[in-house]
file model.json (JSON, C-alpha atoms)
[["chain", "number", "residue", "atom", "x", "y", "z"],
["A", 735, "MET", "CA", -14.13, 10.43, -3.17],
["A", 736, "GLU", "CA", -14.15, 7.41, -5.41],
["A", 737, "PHE", "CA", -10.98, 5.77, -6.67],
["A", 738, "THR", "CA", -9.86, 2.60, -8.37],
["A", 739, "ILE", "CA", -6.63, 0.63, -8.17],
["A", 740, "SER", "CA", -5.36, -1.16, -11.24],
["A", 741, "GLU", "CA", -2.16, -2.71, -12.50],
["A", 742, "GLY", "CA", 0.28, -0.73, -14.60],
["A", 743, "PHE", "CA", 0.28, 2.71, -16.18],
["A", 744, "GLU", "CA", 0.71, 4.43, -19.54],
["A", 745, "ASP", "CA", 3.91, 6.07, -20.75],
["A", 746, "HIS", "CA", 2.45, 9.56, -20.36],
["A", 747, "GLU", "CA", 1.84, 8.87, -16.65],
["A", 748, "SER", "CA", 5.50, 8.12, -15.90],
["A", 749, "PRO", "CA", 6.40, 11.75, -15.03],
["A", 750, "VAL", "CA", 3.45, 11.95, -12.63],
["A", 751, "ILE", "CA", 4.47, 8.75, -10.88],
["A", 752, "ALA", "CA", 8.10, 9.89, -10.75],
["A", 753, "ALA", "CA", 6.96, 13.13, -9.10],
["A", 754, "LEU", "CA", 4.97, 11.18, -6.50],
["A", 755, "TYR", "CA", 8.02, 9.09, -5.68],
["A", 756, "TRP", "CA", 10.24, 12.13, -5.39],
["A", 757, "GLU", "CA", 7.70, 13.83, -3.11],
["A", 758, "ALA", "CA", 7.67, 10.75, -0.87],
["A", 759, "PHE", "CA", 11.37, 9.86, -0.86],
["A", 760, "SER", "CA", 13.39, 13.00, -1.60],
["A", 761, "ALA", "CA", 14.11, 13.51, 2.11],
["A", 762, "LYS", "CA", 15.84, 10.12, 2.09],
["A", 763, "LEU", "CA", 17.45, 10.16, -1.35],
["A", 764, "GLY", "CA", 17.78, 13.85, -2.13],
["A", 765, "ARG", "CA", 21.49, 14.13, -1.33],
["A", 766, "VAL", "CA", 22.31, 11.14, -3.53],
["A", 767, "MET", "CA", 19.85, 11.55, -6.41],
["A", 768, "GLY", "CA", 19.42, 15.33, -6.55],
["A", 769, "PRO", "CA", 19.16, 17.82, -8.11],
["A", 770, "GLU", "CA", 15.44, 17.34, -8.49],
["A", 771, "HIS", "CA", 15.20, 17.73, -12.27],
["A", 772, "LYS", "CA", 17.81, 15.01, -12.82],
["A", 773, "ALA", "CA", 16.21, 12.70, -10.26],
["A", 774, "LEU", "CA", 12.78, 13.08, -11.84],
["A", 775, "ARG", "CA", 14.16, 12.36, -15.30],
["A", 776, "PHE", "CA", 16.07, 9.30, -14.09],
["A", 777, "ILE", "CA", 13.12, 7.84, -12.17],
["A", 778, "ALA", "CA", 10.65, 8.44, -15.01],
["A", 779, "THR", "CA", 12.87, 6.66, -17.53],
["A", 780, "GLN", "CA", 13.45, 3.63, -15.26],
["A", 781, "LEU", "CA", 9.85, 2.90, -14.23],
["A", 782, "ASP", "CA", 8.44, -0.48, -15.26],
["A", 783, "PRO", "CA", 4.62, -0.55, -15.26],
["A", 784, "LYS", "CA", 4.54, -4.33, -14.86],
["A", 785, "PHE", "CA", 5.45, -3.86, -11.19],
["A", 786, "ALA", "CA", 3.06, -1.07, -10.22],
["A", 787, "LEU", "CA", -0.40, -0.74, -8.72],
["A", 788, "VAL", "CA", -1.87, 2.69, -9.39],
["A", 789, "ALA", "CA", -4.77, 4.48, -7.70],
["A", 790, "ARG", "CA", -6.77, 6.88, -9.86],
["A", 791, "ASN", "CA", -9.82, 9.05, -9.32],
["A", 792, "ALA", "CA", -12.95, 8.98, -11.46],
["A", 793, "ASP", "CA", -11.32, 11.34, -13.96],
["A", 794, "GLY", "CA", -8.34, 9.03, -14.39],
["A", 795, "ASP", "CA", -5.89, 11.23, -12.50],
["A", 796, "VAL", "CA", -3.12, 9.36, -10.66],
["A", 797, "LEU", "CA", -3.53, 9.67, -6.88],
["A", 798, "GLY", "CA", -1.03, 7.16, -5.58],
["A", 799, "VAL", "CA", 1.14, 4.23, -6.49],
["A", 800, "ALA", "CA", 2.59, 1.14, -4.88],
["A", 801, "GLY", "CA", 5.60, -0.44, -6.49],
["A", 802, "TYR", "CA", 7.01, -3.87, -5.87],
["A", 803, "LYS", "CA", 9.95, -6.08, -6.67],
["A", 804, "THR", "CA", 10.17, -9.81, -7.29],
["A", 805, "SER", "CA", 12.75, -12.08, -8.87],
["A", 806, "GLN", "CA", 11.23, -11.06, -12.21],
["A", 807, "GLY", "CA", 11.93, -7.34, -11.90],
["A", 808, "ALA", "CA", 11.04, -4.13, -10.08],
["A", 809, "LEU", "CA", 9.14, -0.89, -10.52],
["A", 810, "ILE", "CA", 12.33, 1.18, -10.46],
["A", 811, "GLY", "CA", 15.40, -0.33, -12.08],
["A", 812, "GLY", "CA", 18.45, 1.16, -13.67],
["A", 813, "GLY", "CA", 22.11, 0.20, -13.82],
["A", 814, "LEU", "CA", 25.40, 2.05, -13.94],
["A", 815, "ALA", "CA", 24.97, 3.11, -17.55],
["A", 816, "ASP", "CA", 21.53, 4.55, -16.77],
["A", 817, "LEU", "CA", 22.93, 6.52, -13.84],
["A", 818, "ALA", "CA", 25.74, 7.79, -16.04],
["A", 819, "ARG", "CA", 23.32, 8.99, -18.70],
["A", 820, "ALA", "CA", 21.35, 10.91, -16.09],
["A", 821, "TYR", "CA", 24.20, 12.32, -13.99],
["A", 822, "GLY", "CA", 27.43, 11.86, -15.95],
["A", 823, "TRP", "CA", 30.09, 9.18, -15.50],
["A", 824, "LEU", "CA", 32.11, 10.96, -12.82],
["A", 825, "SER", "CA", 29.01, 11.73, -10.78],
["A", 826, "MET", "CA", 27.81, 8.14, -11.16],
["A", 827, "LEU", "CA", 31.00, 6.84, -9.52],
["A", 828, "TRP", "CA", 30.05, 8.18, -6.08],
["A", 829, "ARG", "CA", 26.27, 7.90, -6.40],
["A", 830, "ALA", "CA", 26.15, 4.20, -7.34],
["A", 831, "PRO", "CA", 27.89, 2.85, -4.20],
["A", 832, "LEU", "CA", 25.65, 4.93, -1.94],
["A", 833, "LEU", "CA", 22.49, 3.77, -3.69],
["A", 834, "ALA", "CA", 23.70, 0.17, -3.43],
["A", 835, "LEU", "CA", 23.79, 0.54, 0.35],
["A", 836, "VAL", "CA", 20.02, 1.01, 0.51],
["A", 837, "GLU", "CA", 19.25, -1.89, -1.81],
["A", 838, "ARG", "CA", 17.41, -4.76, -0.10],
["A", 839, "ASP", "CA", 17.89, -8.50, -0.45],
["A", 840, "LEU", "CA", 15.24, -10.38, -2.38],
["A", 841, "ALA", "CA", 14.02, -13.90, -1.65],
["A", 842, "ASP", "CA", 12.21, -16.05, -4.23],
["A", 843, "ASP", "CA", 9.08, -16.48, -2.09],
["A", 844, "ILE", "CA", 8.69, -12.83, -1.06],
["A", 845, "LEU", "CA", 7.22, -9.79, -2.76],
["A", 846, "LEU", "CA", 9.36, -6.81, -1.79],
["A", 847, "MET", "CA", 7.72, -3.40, -1.61],
["A", 848, "ASP", "CA", 9.46, -0.95, -3.93],
["A", 849, "GLY", "CA", 7.84, 2.10, -2.37],
["A", 850, "ILE", "CA", 4.31, 3.30, -1.72],
["A", 851, "CYS", "CA", 3.27, 6.91, -2.07],
["A", 852, "VAL", "CA", 0.08, 8.94, -2.10],
["A", 853, "GLY", "CA", -0.11, 12.50, -3.37],
["A", 854, "SER", "CA", -0.55, 15.17, -0.71],
["A", 855, "ALA", "CA", -3.96, 16.18, -2.06],
["A", 856, "ALA", "CA", -5.29, 12.62, -1.75],
["A", 857, "ARG", "CA", -4.13, 11.72, 1.75],
["A", 858, "GLY", "CA", -6.66, 10.74, 4.38],
["A", 859, "MET", "CA", -8.83, 8.90, 1.86],
["A", 860, "GLY", "CA", -7.68, 5.39, 2.70],
["A", 861, "LEU", "CA", -5.51, 5.04, -0.39],
["A", 862, "GLY", "CA", -2.49, 3.82, 1.57],
["A", 863, "SER", "CA", -4.50, 1.03, 3.18],
["A", 864, "ALA", "CA", -6.11, 0.10, -0.13],
["A", 865, "LEU", "CA", -2.75, -0.02, -1.92],
["A", 866, "LEU", "CA", -1.33, -2.28, 0.80],
["A", 867, "ASP", "CA", -4.31, -4.62, 0.43],
["A", 868, "ALA", "CA", -3.72, -4.62, -3.32],
["A", 869, "ILE", "CA", -0.06, -5.46, -2.82],
["A", 870, "LYS", "CA", -0.97, -8.42, -0.60],
["A", 871, "ASP", "CA", -3.47, -9.64, -3.19],
["A", 872, "THR", "CA", -0.76, -9.39, -5.85],
["A", 873, "ALA", "CA", 1.58, -11.49, -3.74],
["A", 874, "ARG", "CA", -1.16, -14.12, -3.38],
["A", 875, "ALA", "CA", -1.83, -14.10, -7.12],
["A", 876, "LEU", "CA", 1.88, -14.65, -7.79],
["A", 877, "GLY", "CA", 1.95, -17.58, -5.38],
["A", 878, "LEU", "CA", 4.29, -15.81, -2.95],
["A", 879, "GLY", "CA", 4.19, -16.35, 0.79],
["A", 880, "ALA", "CA", 4.83, -12.88, 2.18],
["A", 881, "VAL", "CA", 5.25, -9.18, 1.54],
["A", 882, "ARG", "CA", 8.27, -7.40, 3.00],
["A", 883, "LEU", "CA", 9.15, -3.74, 3.33],
["A", 884, "ASP", "CA", 11.51, -1.43, 5.17],
["A", 885, "VAL", "CA", 10.37, 1.68, 7.05],
["A", 886, "ILE", "CA", 12.74, 4.36, 8.31],
["A", 887, "ASP", "CA", 12.74, 5.72, 11.85],
["A", 888, "THR", "CA", 11.74, 9.20, 10.70],
["A", 889, "ASN", "CA", 8.39, 7.92, 9.36],
["A", 890, "PRO", "CA", 6.43, 6.66, 12.39],
["A", 891, "ARG", "CA", 3.07, 7.28, 10.71],
["A", 892, "ALA", "CA", 3.93, 4.85, 7.92],
["A", 893, "LYS", "CA", 5.12, 2.27, 10.44],
["A", 894, "ALA", "CA", 1.84, 2.57, 12.35],
["A", 895, "LEU", "CA", -0.12, 2.03, 9.13],
["A", 896, "TYR", "CA", 1.91, -1.06, 8.27],
["A", 897, "GLU", "CA", 1.30, -2.48, 11.74],
["A", 898, "ARG", "CA", -2.45, -1.91, 11.38],
["A", 899, "LYS", "CA", -2.32, -3.80, 8.08],
["A", 900, "GLY", "CA", -0.70, -6.86, 9.64],
["A", 901, "PHE", "CA", 3.01, -6.20, 9.16],
["A", 902, "VAL", "CA", 5.35, -7.11, 12.01],
["A", 903, "GLY", "CA", 8.92, -6.04, 12.63],
["A", 904, "ILE", "CA", 11.52, -8.72, 11.96],
["A", 905, "GLY", "CA", 14.71, -6.74, 12.44],
["A", 906, "GLU", "CA", 16.38, -3.36, 12.78],
["A", 907, "GLU", "CA", 19.27, -1.93, 10.80],
["A", 908, "ASP", "CA", 21.35, 1.04, 11.98],
["A", 909, "ILE", "CA", 23.09, 2.86, 9.13],
["A", 910, "GLY", "CA", 25.68, 4.55, 11.34],
["A", 911, "PRO", "CA", 27.44, 7.62, 9.89],
["A", 912, "LEU", "CA", 25.41, 7.32, 6.69],
["A", 913, "ARG", "CA", 22.61, 9.02, 8.61],
["A", 914, "TRP", "CA", 24.19, 12.30, 7.48],
["A", 915, "VAL", "CA", 23.69, 11.24, 3.86],
["A", 916, "PHE", "CA", 20.24, 9.69, 3.98],
["A", 917, "GLY", "CA", 18.60, 11.70, 6.75],
["A", 918, "PHE", "CA", 17.57, 8.77, 8.94],
["A", 919, "SER", "CA", 19.36, 6.67, 11.54],
["A", 920, "ALA", "CA", 17.77, 3.24, 11.31],
["A", 921, "SER", "CA", 15.16, 1.22, 9.47],
["A", 922, "THR", "CA", 12.82, -1.56, 10.53],
["A", 923, "LYS", "CA", 12.34, -4.61, 8.33],
["A", 924, "MET", "CA", 8.67, -5.61, 8.34],
["A", 925, "ARG", "CA", 6.90, -8.66, 6.98],
["A", 926, "CYS", "CA", 3.31, -9.71, 6.40],
["A", 927, "ASP", "CA", 2.60, -13.34, 5.59],
["A", 928, "VAL", "CA", -0.15, -13.92, 3.04],
["A", 929, "THR", "CA", -2.27, -16.99, 2.44],
["A", 930, "PRO", "CA", -4.24, -18.18, -0.58],
["A", 931, "ASP", "CA", -7.49, -17.07, 1.06],
["A", 932, "ALA", "CA", -10.09, -15.00, -0.75],
["A", 933, "PRO", "CA", -8.54, -11.73, -1.95],
["A", 934, "THR", "CA", -9.15, -8.45, -0.18],
["A", 935, "ALA", "CA", -11.55, -6.01, -1.85],
["A", 936, "HIS", "CA", -8.90, -3.46, -2.61],
["A", 937, "GLY", "CA", -9.79, -1.51, -5.68],
["A", 938, "HIS", "CA", -9.59, -3.44, -8.90],
["A", 939, "SER", "CA", -13.23, -2.50, -8.33],
["A", 940, "ARG", "CA", -14.30, 0.98, -7.38],
["A", 941, "LEU", "CA", -13.83, 2.12, -3.78],
["A", 942, "ASN", "CA", -15.61, 4.85, -1.85],
["A", 943, "SER", "CA", -14.01, 7.07, 0.76],
["A", 944, "ALA", "CA", -15.37, 9.93, 2.75]]
call {"tool": "encode", "arguments": {"input": "model.json", "output": "structure tokens"}}
result
Amino acid sequence: MEFTISEGFEDHESPVIAALYWEAFSAKLGRVMGPEHKALRFIATQLDPKFALVARNADGDVLGVAGYKTSQGALIGGGLADLARAYGWLSMLWRAPLLALVERDLADDILLMDGICVGSAARGMGLGSALLDAIKDTARALGLGAVRLDVIDTNPRAKALYERKGFVGIGEEDIGPLRWVFGFSASTKMRCDVTPDAPTAHGHSRLNSA
């Protein structure tokens, strides 16, 4: 199947991208951001297309997305007022501190992954690898020195993919009793240094996959 990867998305695609994110991360965030209909509404309203790389098929259907965060912004934002609008002020008071615990530090010279997800119907086509290549090319284009991400211990397949794409572990973080909230026990911080070499052929042009 052919697919392309390009920067950004249209407003009408926000619910589709929100659904992809919820499919990928609801096991981790479901207890904090559920119920599903509120989580989908919140995510869709907070998406910023300037920080997204989107894979689409030949018909223009969204297959996957990789979000990122820099000092200029992030794919998924939102503050206390946004949480309150989605969940109510009382509900926001306990959700916000928990969500803050899974926020990651940002350095000026690093592009931070803000999630990567591929729809279940499009897995096994190489989209994950292509999106990671696109993310590294974006970091190069922005003059940044590395891409960093976190992968949880309950997702060994993702960790294996990141290792194949040149990411190396730089630290572990145990979340202790919060494992009962987020559904995982620890996460690995991973980093891939990038250089200003020729960009990877990742899908701003058309890609083919068996």
call {"tool": "closest_atom_pairs", "arguments": {"input": "model.json", "of": "region 814-838 of chain A", "to": "region 768-772 of chain A", "cutoff": "10 Å", "atoms": "all atoms listed in the file", "output": "JSON lines"}}
result
{"residue": "A:Leu817", "atom": "CA", "partner": "A:Lys772", "partner_atom": "CA", "distance": 10.0}
{"residue": "A:Ala820", "atom": "CA", "partner": "A:Lys772", "partner_atom": "CA", "distance": 6.3}
{"residue": "A:Tyr821", "atom": "CA", "partner": "A:Lys772", "partner_atom": "CA", "distance": 7.0}
call {"tool": "closest_residue", "arguments": {"input": "model.json", "among": "A:Pro783, A:Pro890, A:Gly812, A:Gly764", "to": "His746 (chain A)", "atoms": "only C-alpha atoms"}}
result
A:Pro783
call {"tool": "residues_near_point", "arguments": {"input": "model.json", "point": "(3.7, -11.3, -4.8)", "cutoff": "9 Å", "atoms": "only C-alpha atoms", "output": "PyMOL selection string"}}
result
chain A and resi 802-804+843-846+869-881
call {"tool": "closest_residue", "arguments": {"input": "model.json", "among": "A:Lys784, A:Arg790, A:Arg882, A:Arg819", "to": "Arg838 (chain A)", "atoms": "only C-alpha atoms"}}
result
A:Arg882
call {"tool": "closest_residue", "arguments": {"input": "model.json", "among": "A:Ala868, A:Val928, A:Leu787, A:Leu824", "to": "Glu741 (chain A)", "atoms": "all atoms listed in the file"}}
result
A:Leu787
call {"tool": "closest_residue", "arguments": {"input": "model.json", "among": "A:Ala778, A:Val796, A:Leu754, A:Val766", "to": "Leu912 (chain A)", "atoms": "only C-alpha atoms"}}
result
A:Val766
call {"tool": "residues_around", "arguments": {"input": "model.json", "residues": "Arg765 (chain A)", "least_positions_apart": "6", "cutoff": "12 Å", "atoms": "all atoms listed in the file", "output": "PyMOL selection string"}}
result
chain A and resi 759+773+828-829+832-833+912-917
call {"tool": "closest_residue", "arguments": {"input": "model.json", "among": "A:Cys851, A:Met735, A:Ala864, A:Ala834", "to": "Asn791 (chain A)", "atoms": "all atoms listed in the file"}}
result
A:Met735
call {"tool": "atom_distance", "arguments": {"input": "model.json", "atom1": "CA of Val788 (chain A)", "atom2": "CA of Ile850 (chain A)"}}
result
9.9 Å
call {"tool": "atom_distance", "arguments": {"input": "model.json", "atom1": "CA of Ala830 (chain A)", "atom2": "CA of Gln806 (chain A)"}}
result
21.9 Å
call {"tool": "atom_distance", "arguments": {"input": "model.json", "atom1": "CA of Pro911 (chain A)", "atom2": "CA of Ala808 (chain A)"}}
result
28.4 Å
call {"tool": "residues_around", "arguments": {"input": "model.json", "residues": "Thr922 (chain A)", "least_positions_apart": "5", "cutoff": "6 Å", "atoms": "all atoms listed in the file", "output": "PyMOL selection string"}}
result
chain A and resi 884-885+905-906
call {"tool": "write_last_selection", "arguments": {"input": "model.json", "atoms": "C-alpha atoms", "output": "PDB file, in the frame of the given file"}}
result
ATOM      1  CA  ASP A 884      11.510  -1.430   5.170  1.00  0.00           C
ATOM      2  CA  VAL A 885      10.370   1.680   7.050  1.00  0.00           C
ATOM      3  CA  GLY A 905      14.710  -6.740  12.440  1.00  0.00           C
ATOM      4  CA  GLU A 906      16.380  -3.360  12.780  1.00  0.00           C
TER       5      GLU A 906
END
call {"tool": "residues_around", "arguments": {"input": "model.json", "residues": "Phe901 (chain A)", "least_positions_apart": "2", "cutoff": "9 Å", "atoms": "all atoms listed in the file", "output": "NGL selection string"}}
result
:A and (881-883 or 893 or 895-899 or 903 or 924-927)
call {"tool": "decode", "arguments": {"input": "model.json", "residues": "region 777-882 of chain A", "atoms": "C-alpha atoms", "output": "tab-separated table (two decimals), in the first residue's frame"}}
result
chain	number	residue	atom	x	y	z
A	777	ILE	CA	-7.62	16.00	22.73
A	778	ALA	CA	-9.28	17.11	19.48
A	779	THR	CA	-9.64	20.69	20.71
A	780	GLN	CA	-6.01	20.91	21.91
A	781	LEU	CA	-4.22	19.55	18.82
A	782	ASP	CA	-1.83	21.92	17.06
A	783	PRO	CA	-1.12	20.89	13.44
A	784	LYS	CA	2.18	22.78	13.39
A	785	PHE	CA	3.70	19.98	15.47
A	786	ALA	CA	2.40	16.94	13.60
A	787	LEU	CA	3.57	14.63	10.84
A	788	VAL	CA	0.67	12.71	9.33
A	789	ALA	CA	0.67	9.56	7.19
A	790	ARG	CA	-2.15	9.23	4.66
A	791	ASN	CA	-3.08	6.69	2.02
A	792	ALA	CA	-3.69	7.48	-1.64
A	793	ASP	CA	-7.29	8.45	-0.84
A	794	GLY	CA	-6.17	10.97	1.76
A	795	ASP	CA	-7.30	8.93	4.76
A	796	VAL	CA	-5.23	9.40	7.93
A	797	LEU	CA	-3.28	6.23	8.78
A	798	GLY	CA	-0.95	7.42	11.50
A	799	VAL	CA	0.54	10.45	13.17
A	800	ALA	CA	3.70	11.45	14.98
A	801	GLY	CA	3.56	14.45	17.24
A	802	TYR	CA	6.45	16.39	18.68
A	803	LYS	CA	7.28	19.12	21.14
A	804	THR	CA	9.91	21.85	21.03
A	805	SER	CA	10.42	25.09	22.89
A	806	GLN	CA	7.97	26.61	20.39
A	807	GLY	CA	5.01	24.38	21.25
A	808	ALA	CA	3.59	20.86	21.11
A	809	LEU	CA	1.05	18.76	19.26
A	810	ILE	CA	-1.13	18.40	22.35
A	811	GLY	CA	-1.35	21.37	24.68
A	812	GLY	CA	-3.97	22.57	27.08
A	813	GLY	CA	-3.90	24.26	30.46
A	814	LEU	CA	-6.02	24.19	33.58
A	815	ALA	CA	-8.84	26.19	32.02
A	816	ASP	CA	-8.98	23.78	29.07
A	817	LEU	CA	-9.16	20.79	31.41
A	818	ALA	CA	-11.91	22.50	33.39
A	819	ARG	CA	-13.96	23.14	30.26
A	820	ALA	CA	-13.70	19.48	29.31
A	821	TYR	CA	-14.15	17.86	32.72
A	822	GLY	CA	-15.43	20.52	35.12
A	823	TRP	CA	-13.46	22.50	37.71
A	824	LEU	CA	-13.74	19.99	40.54
A	825	SER	CA	-12.69	17.12	38.30
A	826	MET	CA	-9.79	19.18	36.94
A	827	LEU	CA	-8.37	19.59	40.46
A	828	TRP	CA	-7.35	15.93	40.72
A	829	ARG	CA	-6.65	15.27	37.03
A	830	ALA	CA	-4.17	18.13	36.51
A	831	PRO	CA	-1.60	17.03	39.15
A	832	LEU	CA	-1.63	13.46	37.82
A	833	LEU	CA	-1.15	14.58	34.23
A	834	ALA	CA	1.71	16.84	35.36
A	835	LEU	CA	3.52	13.78	36.70
A	836	VAL	CA	3.87	12.32	33.20
A	837	GLU	CA	5.04	15.57	31.63
A	838	ARG	CA	8.64	15.45	30.37
A	839	ASP	CA	11.38	18.05	30.60
A	840	LEU	CA	12.26	19.87	27.41
A	841	ALA	CA	15.73	21.04	26.39
A	842	ASP	CA	16.33	23.75	23.78
A	843	ASP	CA	18.42	21.51	21.51
A	844	ILE	CA	16.11	18.47	21.58
A	845	LEU	CA	12.94	17.56	19.73
A	846	LEU	CA	10.72	15.68	22.15
A	847	MET	CA	8.34	13.07	20.76
A	848	ASP	CA	4.75	13.89	21.71
A	849	GLY	CA	3.44	10.46	20.78
A	850	ILE	CA	3.44	8.27	17.69
A	851	CYS	CA	0.50	6.12	16.70
A	852	VAL	CA	-0.61	4.05	13.73
A	853	GLY	CA	-4.17	2.87	13.25
A	854	SER	CA	-4.76	-0.83	13.77
A	855	ALA	CA	-5.76	-1.36	10.14
A	856	ALA	CA	-2.48	0.13	8.88
A	857	ARG	CA	0.02	-1.69	11.10
A	858	GLY	CA	2.73	-3.81	9.54
A	859	MET	CA	3.16	-1.43	6.61
A	860	GLY	CA	6.28	0.32	7.87
A	861	LEU	CA	4.45	3.48	8.90
A	862	GLY	CA	6.03	3.55	12.36
A	863	SER	CA	9.54	3.42	10.91
A	864	ALA	CA	8.70	6.02	8.28
A	865	LEU	CA	7.22	8.39	10.86
A	866	LEU	CA	10.33	8.05	13.03
A	867	ASP	CA	12.53	8.87	10.03
A	868	ALA	CA	10.32	11.88	9.35
A	869	ILE	CA	10.65	13.03	12.96
A	870	LYS	CA	14.45	12.82	12.74
A	871	ASP	CA	14.41	14.80	9.49
A	872	THR	CA	12.24	17.43	11.19
A	873	ALA	CA	14.74	17.72	14.03
A	874	ARG	CA	17.53	18.23	11.49
A	875	ALA	CA	15.51	20.86	9.63
A	876	LEU	CA	14.95	22.73	12.89
A	877	GLY	CA	18.67	22.65	13.67
A	878	LEU	CA	18.21	20.43	16.73
A	879	GLY	CA	20.77	17.87	17.83
A	880	ALA	CA	18.63	14.96	19.00
A	881	VAL	CA	15.21	13.38	19.29
A	882	ARG	CA	14.07	12.08	22.67
